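Source file: entry29.tsv. Holds: TSV, C-alpha atoms.
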chain	number	residue	atom	x	y	z
A	1	MET	CA	11.75	-12.34	3.96
A	2	LYS	CA	12.08	-9.54	1.41
A	3	LYS	CA	9.07	-7.71	2.78
A	4	TYR	CA	10.77	-7.20	6.16
A	5	PHE	CA	14.19	-6.22	4.85
A	6	VAL	CA	13.67	-2.47	4.39
A	7	LEU	CA	12.04	-1.96	7.78
A	8	ALA	CA	14.63	-4.05	9.58
A	9	ALA	CA	17.46	-2.14	7.89
A	10	LEU	CA	16.15	1.21	9.09
A	11	ILE	CA	15.60	-0.08	12.63
A	12	ALA	CA	19.19	-1.31	12.72
A	13	ALA	CA	20.45	2.03	11.41
A	14	ALA	CA	18.37	3.88	13.96
A	15	GLN	CA	19.80	1.87	16.83
A	16	ILE	CA	23.34	2.90	15.95
A	17	ALA	CA	22.47	6.54	15.24
A	18	SER	CA	23.55	8.16	18.49
A	19	GLY	CA	21.80	11.30	19.69
A	20	GLN	CA	18.75	10.91	17.47
A	21	THR	CA	15.12	10.35	18.53
A	22	VAL	CA	13.48	7.18	17.21
A	23	SER	CA	9.69	6.83	17.11
A	24	VAL	CA	7.85	3.57	16.45
A	25	GLY	CA	4.15	3.25	15.70
A	26	ALA	CA	1.36	2.11	13.43
A	27	LEU	CA	-0.30	3.41	10.26
A	28	GLY	CA	-3.84	2.84	9.08
A	29	GLY	CA	-6.03	4.38	6.43
A	30	VAL	CA	-8.05	4.08	3.26
A	31	PRO	CA	-7.28	4.35	-0.46
A	32	VAL	CA	-8.72	7.48	-2.06
A	33	THR	CA	-8.58	6.01	-5.57
A	34	ASP	CA	-9.76	2.57	-6.71
A	35	THR	CA	-7.00	0.07	-6.05
A	36	THR	CA	-7.39	-2.04	-9.18
A	37	GLY	CA	-9.09	0.55	-11.40
A	38	TYR	CA	-11.82	-1.78	-12.74
A	39	SER	CA	-14.39	-4.01	-11.03
A	40	ASP	CA	-12.55	-3.13	-7.83
A	41	GLN	CA	-13.34	-5.47	-4.94
A	42	SER	CA	-10.33	-4.65	-2.77
A	43	ARG	CA	-10.69	-4.29	0.99
A	44	PRO	CA	-11.12	-0.59	1.86
A	45	TYR	CA	-8.28	-0.37	4.36
A	46	ILE	CA	-4.49	-0.08	4.65
A	47	VAL	CA	-2.60	-1.19	7.77
A	48	GLY	CA	1.04	-1.38	8.76
A	49	GLY	CA	3.92	-0.30	10.94
A	50	SER	CA	6.21	2.72	10.86
A	51	VAL	CA	9.62	3.81	12.17
A	52	GLU	CA	10.81	7.42	12.15
A	53	VAL	CA	14.27	8.81	12.95
A	54	GLN	CA	14.21	12.51	13.81
A	55	LEU	CA	17.25	14.44	12.54
A	56	PRO	CA	18.49	17.96	13.32
A	57	ALA	CA	16.93	21.10	11.82
A	58	GLY	CA	13.45	19.62	11.43
A	59	PHE	CA	14.39	16.76	9.11
A	60	ALA	CA	13.41	13.11	9.61
A	61	LEU	CA	13.62	9.72	7.93
A	62	GLU	CA	10.66	7.35	7.88
A	63	ALA	CA	10.27	3.73	6.78
A	64	ASP	CA	6.92	1.90	6.63
A	65	ALA	CA	5.55	-1.54	5.86
A	66	LEU	CA	1.96	-1.29	4.56
A	67	TYR	CA	-0.45	-4.11	3.73
A	68	ARG	CA	-3.65	-4.12	1.71
A	69	ARG	CA	-5.90	-6.85	0.34
A	70	VAL	CA	-6.60	-6.31	-3.36
A	71	GLY	CA	-8.95	-7.99	-5.79
A	72	ASN	CA	-11.43	-7.76	-8.63
A	73	THR	CA	-13.84	-9.87	-10.67
A	74	THR	CA	-14.26	-9.55	-14.43
A	75	TYR	CA	-16.75	-11.05	-16.89
A	76	SER	CA	-16.29	-11.74	-20.58
A	77	GLY	CA	-18.86	-13.01	-23.07
A	78	ILE	CA	-18.00	-15.42	-25.87
A	79	ALA	CA	-20.22	-16.11	-28.87
A	80	SER	CA	-19.75	-18.20	-32.02
A	81	GLY	CA	-21.78	-20.10	-34.55
A	82	THR	CA	-21.54	-23.27	-32.47
A	83	GLY	CA	-22.55	-21.82	-29.09
A	84	SER	CA	-21.86	-19.17	-26.45
A	85	GLY	CA	-20.09	-18.86	-23.14
A	86	LEU	CA	-19.23	-16.67	-20.18
A	87	PHE	CA	-15.74	-16.39	-18.71
A	88	ILE	CA	-15.58	-15.25	-15.06
A	89	ILE	CA	-12.18	-14.57	-13.47
A	90	ARG	CA	-11.70	-13.68	-9.82
A	91	GLU	CA	-8.37	-12.21	-8.68
A	92	ARG	CA	-7.39	-11.83	-5.02
A	93	GLY	CA	-4.00	-10.68	-3.84
A	94	ASN	CA	-1.83	-9.51	-0.95
A	95	SER	CA	-0.02	-6.22	-1.60
A	96	TRP	CA	2.95	-5.14	0.53
A	97	GLU	CA	4.43	-1.65	0.17
A	98	PHE	CA	7.64	-0.33	1.74
A	99	PRO	CA	7.93	3.47	1.50
A	100	LEU	CA	11.18	5.23	2.44
A	101	LEU	CA	10.60	8.96	3.00
A	102	GLY	CA	12.70	11.99	3.81
A	103	LYS	CA	10.54	14.51	5.74
A	104	TYR	CA	10.74	18.12	6.84
A	105	TYR	CA	8.72	19.50	9.75
A	106	PHE	CA	7.62	23.15	9.95
A	107	ARG	CA	6.80	24.96	13.23
A	108	ARG	CA	9.08	22.64	15.17
A	109	THR	CA	8.39	24.26	18.55
A	110	SER	CA	4.60	24.17	18.15
A	111	GLY	CA	2.11	21.58	19.33
A	112	TRP	CA	1.13	20.96	15.72
A	113	GLN	CA	3.79	20.62	13.01
A	114	PRO	CA	2.94	20.52	9.29
A	115	PHE	CA	5.28	18.35	7.26
A	116	LEU	CA	6.16	17.43	3.71
A	117	GLY	CA	7.88	14.26	2.62
A	118	THR	CA	9.18	12.60	-0.50
A	119	GLY	CA	11.02	9.44	-1.38
A	120	PHE	CA	10.63	6.02	-2.93
A	121	ALA	CA	8.38	3.03	-2.31
A	122	PHE	CA	8.75	-0.64	-3.15
A	123	ARG	CA	5.77	-2.93	-3.81
A	124	THR	CA	5.29	-6.66	-4.18
A	125	VAL	CA	1.94	-8.33	-4.93
A	126	GLU	CA	1.05	-12.01	-4.74
A	127	VAL	CA	-2.14	-12.86	-6.67
A	128	LYS	CA	-4.37	-15.93	-6.85
A	129	ASP	CA	-6.55	-16.35	-9.95
A	130	SER	CA	-9.64	-18.53	-10.08
A	131	GLY	CA	-11.73	-18.63	-13.23
A	132	ASN	CA	-14.87	-20.33	-14.52
A	133	LEU	CA	-15.56	-20.81	-18.20
A	134	VAL	CA	-19.22	-21.74	-18.71
A	135	THR	CA	-20.10	-22.67	-22.29
A	136	THR	CA	-23.30	-23.75	-24.00
A	137	ASN	CA	-23.12	-25.59	-27.31
A	138	ALA	CA	-25.65	-25.42	-30.12
A	139	SER	CA	-27.74	-28.18	-28.55
A	140	GLY	CA	-28.00	-26.24	-25.27
A	141	SER	CA	-25.76	-28.51	-23.18
A	142	PRO	CA	-23.71	-26.53	-20.59
A	143	GLN	CA	-20.09	-27.25	-19.73
A	144	THR	CA	-17.95	-25.67	-17.00
A	145	VAL	CA	-14.14	-25.47	-16.97
A	146	LEU	CA	-12.28	-24.35	-13.83
A	147	VAL	CA	-8.97	-22.48	-14.04
A	148	GLU	CA	-6.74	-21.64	-11.06
A	149	GLY	CA	-3.26	-20.21	-10.63
A	150	THR	CA	-1.01	-18.22	-8.31
A	151	PHE	CA	1.71	-15.77	-9.31
A	152	ARG	CA	3.86	-13.04	-7.79
A	153	GLU	CA	4.43	-9.82	-9.70
A	154	PRO	CA	7.98	-8.42	-10.02
A	155	LEU	CA	9.11	-5.91	-7.41
A	156	GLU	CA	7.95	-2.42	-8.39
A	157	VAL	CA	9.52	0.93	-7.49
A	158	GLY	CA	7.53	4.16	-7.24
A	159	ALA	CA	8.03	7.83	-6.37
A	160	THR	CA	6.09	9.00	-3.30
A	161	VAL	CA	5.10	12.41	-1.94
A	162	ALA	CA	3.30	13.04	1.36
A	163	GLY	CA	1.86	15.95	3.27
A	164	GLY	CA	0.25	16.17	6.69
A	165	VAL	CA	0.39	17.44	10.25
A	166	ARG	CA	1.96	16.03	13.41
A	167	PHE	CA	0.04	16.64	16.66
A	168	HIS	CA	1.52	15.93	20.08
A	169	TYR	CA	-0.32	14.66	23.14
A	170	ARG	CA	2.19	13.83	25.88
A	171	ARG	CA	4.30	11.00	24.45
A	172	LEU	CA	1.82	10.19	21.69
A	173	ALA	CA	2.08	11.79	18.24
A	174	VAL	CA	-0.85	11.68	15.77
A	175	LEU	CA	-0.05	12.17	12.08
A	176	PRO	CA	-2.97	12.51	9.62
A	177	GLN	CA	-1.60	12.69	6.08
A	178	VAL	CA	-2.25	12.24	2.38
A	179	ARG	CA	0.15	10.28	0.17
A	180	TYR	CA	0.50	9.92	-3.57
A	181	THR	CA	2.64	7.26	-5.27
A	182	ARG	CA	3.39	6.92	-8.96
A	183	TRP	CA	4.53	3.37	-9.65
A	184	GLY	CA	7.00	2.69	-12.41
A	185	GLY	CA	5.94	-0.88	-13.15
A	186	THR	CA	3.10	-2.35	-15.20
A	187	SER	CA	1.08	-4.29	-12.66
A	188	ALA	CA	-1.77	-6.41	-14.03
A	189	VAL	CA	-3.71	-6.05	-10.76
A	190	VAL	CA	-2.93	-2.71	-9.04
A	191	ARG	CA	-3.09	0.80	-10.48
A	192	SER	CA	-0.01	2.85	-11.33
A	193	ASN	CA	-1.40	5.99	-9.63
A	194	GLU	CA	-2.19	5.57	-5.95
A	195	THR	CA	-3.56	8.15	-3.49
A	196	SER	CA	-4.24	7.28	0.15
A	197	PHE	CA	-5.32	8.93	3.39
A	198	LEU	CA	-3.35	7.59	6.34
A	199	LEU	CA	-3.39	8.16	10.10
A	200	GLY	CA	-0.23	7.46	12.04
A	201	LEU	CA	0.19	6.90	15.78
A	202	MET	CA	3.79	7.21	16.96
A	203	PHE	CA	5.42	6.73	20.37
Could you write out this file's structure as structure tokens?
Amino acid sequence: MKKYFVLAALIAAAQIASGQTVSVGALGGVPVTDTTGYSDQSRPYIVGGSVEVQLPAGFALEADALYRRVGNTTYSGIASGTGSGLFIIRERGNSWEFPLLGKYYFRRTSGWQPFLGTGFAFRTVEVKDSGNLVTTNASGSPQTVLVEGTFREPLEVGATVAGGVRFHYRRLAVLPQVRYTRWGGTSAVVRSNETSFLLGLMF
């Protein structure tokens, strides 16, 4: 339930904020940098939902829930006087991010409005490990050992900046943007520096 808390809190706040415009929509995009940083086999997409509360004087508040599938495969060789082996470990995980951004829109009366945003993001990653250790002894007999496990990394907090443009077409708003997040944690699966291109559709 944690992964829905931030988004639900903002929706509740928006509903009681009289006189403000609330937009709801979807976000999708691609990571610009490798997600894991080595032997990256993550899915090349980001998807999620978004809520924005427009405030006076061109300011706005935005909360998102973004999902990506992450993973990698690594290989390690082992050699000794009694034989050799190869250790293969495959990691696959589900990453959920919850950015909270304060935004400012320029050219507020125009059909296209550049914006800048900054704030914080929260990330949680659940990872499943599956490994194979294949060894060969001095006589040439192979042996395979299987290793499996699942773990959830601690909640991470990062600083986020964003820049883009908001286009209007009737009731639809299109928001292409670039985001950068610097995570403060030490994830074993996902990089600390994250840059993404996202496209938002808001109603």
What are the closest atom pairs, with distances in Å to one decimal, for all residues of range 25-89 of chain A lying within 10 Å of range 173-196 of chain A? Consider all atoms listed in the file, order rows by chain and residue number, and present the result as CSV.
residue,atom,partner,partner_atom,distance
A:Gly25,CA,A:Ala173,CA,9.1
A:Leu27,CA,A:Leu175,CA,9.0
A:Gly28,CA,A:Pro176,CA,9.7
A:Gly29,CA,A:Ser196,CA,7.1
A:Val30,CA,A:Ser196,CA,5.9
A:Pro31,CA,A:Ser196,CA,4.3
A:Val32,CA,A:Ser196,CA,5.0
A:Thr33,CA,A:Thr195,CA,5.8
A:Asp34,CA,A:Arg191,CA,7.9
A:Thr35,CA,A:Val190,CA,5.8
A:Thr36,CA,A:Val190,CA,4.5
A:Gly37,CA,A:Arg191,CA,6.1
A:Tyr38,CA,A:Val189,CA,9.4
A:Asp40,CA,A:Val190,CA,9.7
A:Ser42,CA,A:Val190,CA,9.9
A:Tyr45,CA,A:Ser196,CA,9.6
A:Ile46,CA,A:Ser196,CA,8.6
A:Val70,CA,A:Val190,CA,7.7
A:Gly71,CA,A:Val189,CA,7.5
A:Asn72,CA,A:Val189,CA,8.2
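Among A:Arg123, A:Lys103, A:Arg152, A:Arg171, the residue with the shortest atom-to-atom distance to Gln54 in chain A, counting only C-alpha atoms, is A:Lys103.
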Proximity to Gly164 in chain A - best of A:Gly131, A:Gly149, A:Gly117, A:Gly111, all atoms listed in the file: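 Looking at the shortest contact to Gly164 in chain A, the residue is A:Gly117.
For the pair CA of Tyr104 in chain A and CA of Ala57 in chain A, the interatomic distance is 8.5 Å.
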Name all residues at most 7 Å from Pro99 in chain A (count all atoms listed in the file; drop same-chain ones fewer than 6 positions away) and give them as a list in words.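 Those residues are Ala63, Asp64, Phe120, Ala121 and Phe122 of chain A.
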Restricting the output to C-alpha atoms, write the selected residues as a short mmCIF file (atom, residue, chain, number, x, y, z; two decimals), keeping the file's coordinate frame.
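Below you can see selection11.cif, which holds the result:
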data_model
loop_
_atom_site.label_atom_id
_atom_site.label_comp_id
_atom_site.auth_asym_id
_atom_site.auth_seq_id
_atom_site.Cartn_x
_atom_site.Cartn_y
_atom_site.Cartn_z
CA ALA A 63 10.27 3.73 6.78
CA ASP A 64 6.92 1.90 6.63
CA PHE A 120 10.63 6.02 -2.93
CA ALA A 121 8.38 3.03 -2.31
CA PHE A 122 8.75 -0.64 -3.15
#
Range 85-94 of chain A: which residues within 6 Å, counting only C-alpha atoms, same-chain residues fewer than 3 positions away excluded, as a PDB file with C-alpha atoms, in the coordinates of the input?
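The result, written out as result-v3.pdb:
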ATOM      1  CA  ARG A  69      -5.900  -6.850   0.340  1.00  0.00           C
ATOM      2  CA  VAL A  70      -6.600  -6.310  -3.360  1.00  0.00           C
ATOM      3  CA  GLY A  71      -8.950  -7.990  -5.790  1.00  0.00           C
ATOM      4  CA  ASN A  72     -11.430  -7.760  -8.630  1.00  0.00           C
ATOM      5  CA  THR A  73     -13.840  -9.870 -10.670  1.00  0.00           C
ATOM      6  CA  THR A  74     -14.260  -9.550 -14.430  1.00  0.00           C
ATOM      7  CA  TYR A  75     -16.750 -11.050 -16.890  1.00  0.00           C
ATOM      8  CA  SER A  76     -16.290 -11.740 -20.580  1.00  0.00           C
ATOM      9  CA  GLY A  77     -18.860 -13.010 -23.070  1.00  0.00           C
ATOM     10  CA  ILE A  78     -18.000 -15.420 -25.870  1.00  0.00           C
ATOM     11  CA  VAL A 125       1.940  -8.330  -4.930  1.00  0.00           C
ATOM     12  CA  GLU A 126       1.050 -12.010  -4.740  1.00  0.00           C
ATOM     13  CA  VAL A 127      -2.140 -12.860  -6.670  1.00  0.00           C
ATOM     14  CA  LYS A 128      -4.370 -15.930  -6.850  1.00  0.00           C
ATOM     15  CA  ASP A 129      -6.550 -16.350  -9.950  1.00  0.00           C
ATOM     16  CA  SER A 130      -9.640 -18.530 -10.080  1.00  0.00           C
ATOM     17  CA  GLY A 131     -11.730 -18.630 -13.230  1.00  0.00           C
ATOM     18  CA  ASN A 132     -14.870 -20.330 -14.520  1.00  0.00           C
ATOM     19  CA  LEU A 133     -15.560 -20.810 -18.200  1.00  0.00           C
ATOM     20  CA  VAL A 134     -19.220 -21.740 -18.710  1.00  0.00           C
ATOM     21  CA  THR A 135     -20.100 -22.670 -22.290  1.00  0.00           C
ATOM     22  CA  THR A 136     -23.300 -23.750 -24.000  1.00  0.00           C
TER      23      THR A 136
END
I want to know what sits within 12 Å of Leu100 in chain A, based on all atoms listed in the file, with residues of the same chain fewer than 3 positions away left out; could you give that as a count of residues only? 31
Suppose you want the space between CA of Val165 in chain A and CA of Trp112 in chain A; what is it in Å? 6.5 Å
Could you work out how far CA of Phe167 in chain A lies from CA of Leu101 in chain A, giving the answer in Å with one decimal?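 Distance between the two atoms: 18.9 Å.
Between Gly58 in chain A and the candidates A:Leu116, A:Val147, A:Leu155, A:Val24, the tightest atom-to-atom separation, counting only C-alpha atoms, involves A:Leu116.
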Write out as a ChimeraX atom specification the residues lying within 9 Å of Ala26 in chain A, counting only C-alpha atoms and excluding same-chain residues fewer than 5 positions away. /A:47-51,64,199-202
Filtering to C-alpha atoms, could you give me those residues as a PDB file, in the frame of the given file?
ATOM      1  CA  VAL A  47      -2.600  -1.190   7.770  1.00  0.00           C
ATOM      2  CA  GLY A  48       1.040  -1.380   8.760  1.00  0.00           C
ATOM      3  CA  GLY A  49       3.920  -0.300  10.940  1.00  0.00           C
ATOM      4  CA  SER A  50       6.210   2.720  10.860  1.00  0.00           C
ATOM      5  CA  VAL A  51       9.620   3.810  12.170  1.00  0.00           C
ATOM      6  CA  ASP A  64       6.920   1.900   6.630  1.00  0.00           C
ATOM      7  CA  LEU A 199      -3.390   8.160  10.100  1.00  0.00           C
ATOM      8  CA  GLY A 200      -0.230   7.460  12.040  1.00  0.00           C
ATOM      9  CA  LEU A 201       0.190   6.900  15.780  1.00  0.00           C
ATOM     10  CA  MET A 202       3.790   7.210  16.960  1.00  0.00           C
TER      11      MET A 202
END
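With distances taken from (9.2, 27.2, 7.9) and restricted to only C-alpha atoms, the residues inside 12 Å are Ala57, Gly58, Phe59, Tyr104, Tyr105, Phe106, Arg107, Arg108, Thr109, Ser110, Gln113, Pro114, Phe115 and Leu116 of chain A.
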